[in-house]
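The next block is work19.cif, given as mmCIF, C-alpha atoms.
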```cif
data_start
loop_
_atom_site.label_atom_id
_atom_site.label_comp_id
_atom_site.auth_asym_id
_atom_site.auth_seq_id
_atom_site.Cartn_x
_atom_site.Cartn_y
_atom_site.Cartn_z
CA MET A 14 0.00 0.00 0.00
CA SER A 15 2.88 2.38 0.62
CA GLN A 16 4.42 2.02 -2.84
CA LEU A 17 3.50 4.36 -5.68
CA ASN A 18 0.68 2.91 -7.78
CA LEU A 19 0.42 0.17 -5.15
CA GLY A 20 3.63 -1.37 -6.48
CA LEU A 21 1.72 -3.01 -9.34
CA SER A 22 3.16 -3.48 -12.80
CA GLU A 23 1.06 -2.81 -15.89
CA LYS A 24 0.82 -6.59 -16.35
CA ASP A 25 -0.55 -6.99 -12.81
CA ARG A 26 -3.02 -4.15 -13.33
CA GLU A 27 -4.28 -5.78 -16.52
CA ARG A 28 -4.56 -9.18 -14.81
CA ILE A 29 -6.89 -7.87 -12.08
CA LYS A 30 -8.99 -5.70 -14.39
CA ASN A 31 -11.98 -8.08 -14.17
CA THR A 32 -12.15 -8.04 -10.37
CA ASP A 33 -15.71 -8.16 -8.99
CA PHE A 34 -15.18 -7.14 -5.35
CA ILE A 35 -12.56 -5.24 -3.38
CA PHE A 36 -12.42 -5.56 0.39
CA HIS A 37 -9.90 -2.94 1.40
CA SER A 38 -8.64 -3.67 4.90
CA ALA A 39 -4.93 -3.07 4.27
CA ALA A 40 -3.48 -0.35 6.50
CA SER A 41 -0.82 0.43 8.99
CA VAL A 42 -2.57 0.09 12.34
CA ARG A 43 0.27 1.28 14.55
CA PHE A 44 -0.85 4.33 16.51
CA ASN A 45 2.56 6.00 16.55
CA ASP A 46 3.62 5.80 12.89
CA ASN A 47 5.10 9.05 11.65
CA ILE A 48 2.85 11.16 9.48
CA ARG A 49 4.69 10.53 6.19
CA PHE A 50 4.51 6.74 6.56
CA ILE A 51 0.85 6.69 7.62
CA VAL A 52 -0.17 9.08 4.83
CA ASN A 53 1.69 7.09 2.17
CA THR A 54 0.35 3.77 3.39
CA ASN A 55 -3.20 4.49 4.51
CA ILE A 56 -4.28 7.60 2.62
CA ARG A 57 -2.34 7.61 -0.64
CA GLY A 58 -2.67 3.82 -0.82
CA THR A 59 -6.45 4.09 -0.48
CA ARG A 60 -6.62 6.81 -3.13
CA ASP A 61 -4.48 4.75 -5.52
CA LEU A 62 -6.61 1.65 -4.94
CA LEU A 63 -9.76 3.63 -5.75
CA LEU A 64 -8.15 4.97 -8.94
CA LEU A 65 -7.29 1.39 -9.88
CA ALA A 66 -10.85 0.29 -9.02
CA GLN A 67 -12.19 2.81 -11.55
CA GLU A 68 -10.45 0.79 -14.28
CA MET A 69 -12.28 -2.39 -13.23
CA THR A 70 -15.26 -2.75 -15.53
CA SER A 71 -16.77 -5.70 -13.60
CA LEU A 72 -16.50 -4.18 -10.13
CA LYS A 73 -19.70 -4.75 -8.15
CA ALA A 74 -18.58 -3.33 -4.77
CA PHE A 75 -15.74 -1.64 -2.95
CA VAL A 76 -15.84 -2.28 0.81
CA TYR A 77 -13.56 -0.08 2.90
CA ILE A 78 -12.68 -1.24 6.40
CA SER A 79 -12.23 1.85 8.55
CA THR A 80 -12.37 1.89 12.34
CA ALA A 81 -14.93 2.79 14.99
CA TYR A 82 -12.37 5.37 16.14
CA SER A 83 -12.06 7.27 12.85
CA GLN A 84 -14.39 9.98 14.11
CA CYS A 85 -13.49 9.73 17.80
CA VAL A 86 -13.34 13.52 18.13
CA TYR A 87 -17.15 13.58 18.11
CA SER A 88 -19.31 12.58 21.07
CA LYS A 89 -21.92 10.98 18.79
CA ILE A 90 -20.91 9.13 15.63
CA GLU A 91 -23.50 8.66 12.93
CA GLU A 92 -23.52 6.66 9.69
CA LYS A 93 -22.53 9.56 7.50
CA PHE A 94 -19.53 11.24 5.95
CA TYR A 95 -17.73 13.75 8.14
CA MET A 96 -15.55 16.65 7.13
CA PRO A 97 -11.96 15.42 7.15
CA PRO A 98 -9.33 17.14 9.29
CA ILE A 99 -7.52 17.93 6.02
CA LYS A 100 -8.20 17.12 2.37
CA THR A 101 -6.63 14.00 0.90
CA GLU A 102 -4.57 15.82 -1.72
CA ASP A 103 -3.40 18.46 0.76
CA ILE A 104 -1.96 15.96 3.25
CA ILE A 105 -0.34 13.95 0.46
CA LYS A 106 1.22 17.14 -0.94
CA LEU A 107 2.51 18.13 2.52
CA THR A 108 4.30 14.81 2.91
CA GLU A 109 5.83 15.22 -0.55
CA ILE A 110 7.25 18.69 0.00
CA LEU A 111 8.16 18.87 3.70
CA SER A 112 11.19 17.28 5.35
CA GLU A 113 10.87 14.69 8.12
CA ASP A 114 11.83 17.31 10.71
CA GLN A 115 9.23 19.76 9.40
CA LEU A 116 6.54 17.07 9.42
CA ASP A 117 7.46 16.03 12.97
CA LEU A 118 7.19 19.66 14.03
CA ILE A 119 3.69 20.19 12.59
CA THR A 120 2.24 16.73 13.36
CA PRO A 121 0.66 17.78 16.70
CA LYS A 122 -1.04 20.71 14.95
CA LEU A 123 -2.22 18.44 12.12
CA LEU A 124 -3.64 15.88 14.55
CA GLY A 125 -5.61 18.46 16.49
CA ASN A 126 -8.03 16.47 18.66
CA TRP A 127 -7.28 13.11 17.02
CA PRO A 128 -5.37 10.94 19.53
CA ASN A 129 -2.89 9.43 17.07
CA THR A 130 -1.84 9.28 13.44
CA TYR A 131 -3.82 6.06 12.83
CA ALA A 132 -7.25 7.51 13.76
CA TYR A 133 -6.35 10.73 11.95
CA SER A 134 -5.48 8.82 8.77
CA LYS A 135 -8.70 6.80 8.91
CA ALA A 136 -10.78 9.99 9.21
CA ILE A 137 -9.11 11.31 6.08
CA CYS A 138 -9.45 7.95 4.31
CA GLU A 139 -13.20 7.96 4.77
CA ASP A 140 -13.32 11.24 2.88
CA THR A 141 -10.92 9.78 0.30
CA ILE A 142 -13.53 7.07 -0.28
CA ARG A 143 -16.21 9.73 -0.74
CA GLN A 144 -14.08 11.71 -3.19
CA TYR A 145 -12.69 8.91 -5.33
CA SER A 146 -15.45 6.29 -5.44
CA ASN A 147 -17.08 8.07 -8.43
CA GLY A 148 -19.98 5.78 -9.23
CA ILE A 149 -18.44 2.64 -7.72
CA PRO A 150 -20.86 0.91 -5.32
CA THR A 151 -19.03 1.58 -2.08
CA CYS A 152 -19.50 1.17 1.63
CA ILE A 153 -17.48 2.00 4.71
CA VAL A 154 -17.45 -0.39 7.66
CA ARG A 155 -16.30 0.88 11.06
CA PRO A 156 -15.45 -2.14 13.24
CA SER A 157 -13.85 -1.65 16.63
CA ILE A 158 -11.20 -4.27 15.86
CA VAL A 159 -10.18 -6.69 13.11
CA ILE A 160 -8.41 -9.87 14.16
CA SER A 161 -7.52 -13.28 12.77
CA THR A 162 -9.89 -16.23 12.97
CA GLU A 163 -10.40 -18.25 16.11
CA LYS A 164 -10.78 -21.73 14.56
CA GLU A 165 -11.58 -21.86 10.82
CA PRO A 166 -9.93 -22.85 8.58
CA ILE A 167 -7.20 -23.09 11.25
CA ALA A 168 -6.65 -21.20 14.48
CA GLY A 169 -5.11 -17.79 13.87
CA TRP A 170 -5.37 -18.04 10.07
CA ILE A 171 -4.73 -14.75 8.29
CA ASN A 172 -3.78 -15.90 4.74
CA ILE A 173 -0.69 -13.78 4.21
#
```

Re-express the file's structure as structure tokens.
Amino acid sequence: MSQLNLGLSEKDRERIKNTDFIFHSAASVRFNDNIRFIVNTNIRGTRDLLLLAQEMTSLKAFVYISTAYSQCVYSKIEEKFYMPPIKTEDIIKLTEILSEDQLDLITPKLLGNWPNTYAYSKAICEDTIRQYSNGIPTCIVRPSIVISTEKEPIAGWINI
């Protein structure tokens, strides 16, 4: 997810062109990742996956796995889109032009009331979904946690 164009070759992109469903649960889930890494992995990766999804002529649904904590700055969370703390393209551009030291310096200001870079990135990603889904049947799921299986097909199975 952190590589430009998702690290896919043109051959790979062509091979997956007839995909029917995308379940996007890939993300860095570490709360203390620096802003550049979390933006490149979670936000830019999500945007690039949605741009790839637009090339998929058979796509029936795009399911984005967010988190119950994406909008934790609000006392009541509804099933709706919220204004992001910053626009997708603006945060990507910041990470492209600022140095690591500059980003570290402004990260607390960027986060505002969000408790960590993970929740902050997920709030922005939800708006990325809104912006880039362009006619793709899409939904956002906000589970409190995603873990491996208990028993089936084998205990702890995660298919990596």

Note to self: Could you check the closest approach to Ile78 of chain A for each of A:Thr120, A:Ser112, A:Gln16, A:Asn55 and tell me which residue wins, using all atoms listed in the file?
What the structure shows: A:Asn55

Mind running segment 65-121 of chain A against segment 135-139 of chain A at 7 Å and telling me each contacting residue's nearest atom pair with the distance in Å (one decimal), counting only C-alpha atoms, chain and number ascending, as a tab-separated table?
```
residue	atom	partner	partner_atom	distance
A:Ser79	CA	A:Lys135	CA	6.1
A:Ser83	CA	A:Ala136	CA	4.7
A:Gln84	CA	A:Ala136	CA	6.1
A:Pro97	CA	A:Ile137	CA	5.1
A:Pro98	CA	A:Ile137	CA	6.7
A:Ile99	CA	A:Ile137	CA	6.8
A:Lys100	CA	A:Ile137	CA	7.0
A:Thr101	CA	A:Ile137	CA	6.3
```

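When all atoms listed in the file are used to compute distances to Phe50 of chain A, the closest of the residues A:Leu72, A:Ile90, A:Leu116, A:Ala168 turns out to be A:Leu116.
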
Next item on the list: Could you check which of A:Leu21, A:Ile110, A:Ala132, A:Ala81 is closest to Arg43 of chain A, using all atoms listed in the file?
Entry: A:Ala132

Next item on the list: Select, from A:Pro150, A:Tyr95, A:Asp140, A:Ile104, the residue with the minimum atom-to-atom distance to Asp33 of chain A, counting only C-alpha atoms.
Entry: A:Pro150

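Considering all atoms listed in the file, the residue among A:Thr32, A:Gln115, A:Ser22, A:Asn45 positioned nearest to Glu68 of chain A is A:Thr32.
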
Next item on the list: May I ask which of the residues A:Val86, A:Ala74, A:Ile56, A:Leu65 is the closest one to Arg28 of chain A, counting all atoms listed in the file?
Entry: A:Leu65

Checklist line | Atom-to-atom span, atom CA of Ile149 of chain A and atom CA of Leu64 of chain A, Å | finding: 10.6 Å

Check: What is the distance between atom CA of Phe36 of chain A and atom CA of Phe75 of chain A, in Å to one decimal?
Finding: 6.1 Å

Margin query: For the PyMOL selection byres ((chain A and resi 47) around 12), applied here, can you spell out every residue it catches as a PyMOL selection string?
Written below: chain A and resi 41-46+48-55+108+113-121+123-124+129-131+133-134

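Atom CA of Thr151 of chain A sits 10.1 Å away from atom CA of Phe34 of chain A.
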
Note to self: Can you translate the PyMOL selection byres ((chain A and resi 63) around 10) into the concrete residues it hits in this file, as JSON, numbers by chain?
What the structure shows: {"A": [35, 37, 57, 58, 59, 60, 61, 62, 64, 65, 66, 67, 68, 69, 75, 141, 142, 144, 145, 146, 147, 149]}

Given the selection you just returned, output its residues as a file containing C-alpha atoms, formatted as a compact mmCIF listing (two decimals), in the coordinates of the input.
```txt
# COMPACT_ATOMS: atom_id res chain seq x y z
CA ILE A 35 -12.56 -5.24 -3.38
CA HIS A 37 -9.90 -2.94 1.40
CA ARG A 57 -2.34 7.61 -0.64
CA GLY A 58 -2.67 3.82 -0.82
CA THR A 59 -6.45 4.09 -0.48
CA ARG A 60 -6.62 6.81 -3.13
CA ASP A 61 -4.48 4.75 -5.52
CA LEU A 62 -6.61 1.65 -4.94
CA LEU A 64 -8.15 4.97 -8.94
CA LEU A 65 -7.29 1.39 -9.88
CA ALA A 66 -10.85 0.29 -9.02
CA GLN A 67 -12.19 2.81 -11.55
CA GLU A 68 -10.45 0.79 -14.28
CA MET A 69 -12.28 -2.39 -13.23
CA PHE A 75 -15.74 -1.64 -2.95
CA THR A 141 -10.92 9.78 0.30
CA ILE A 142 -13.53 7.07 -0.28
CA GLN A 144 -14.08 11.71 -3.19
CA TYR A 145 -12.69 8.91 -5.33
CA SER A 146 -15.45 6.29 -5.44
CA ASN A 147 -17.08 8.07 -8.43
CA ILE A 149 -18.44 2.64 -7.72
```

Notebook entry, point to check: Care to translate the PyMOL selection byres ((chain A and resi 159) around 10) into actual residues of this file, as an MDAnalysis selection string?
Noted result: chainID A and resid 38 78:80 155:158 160:162
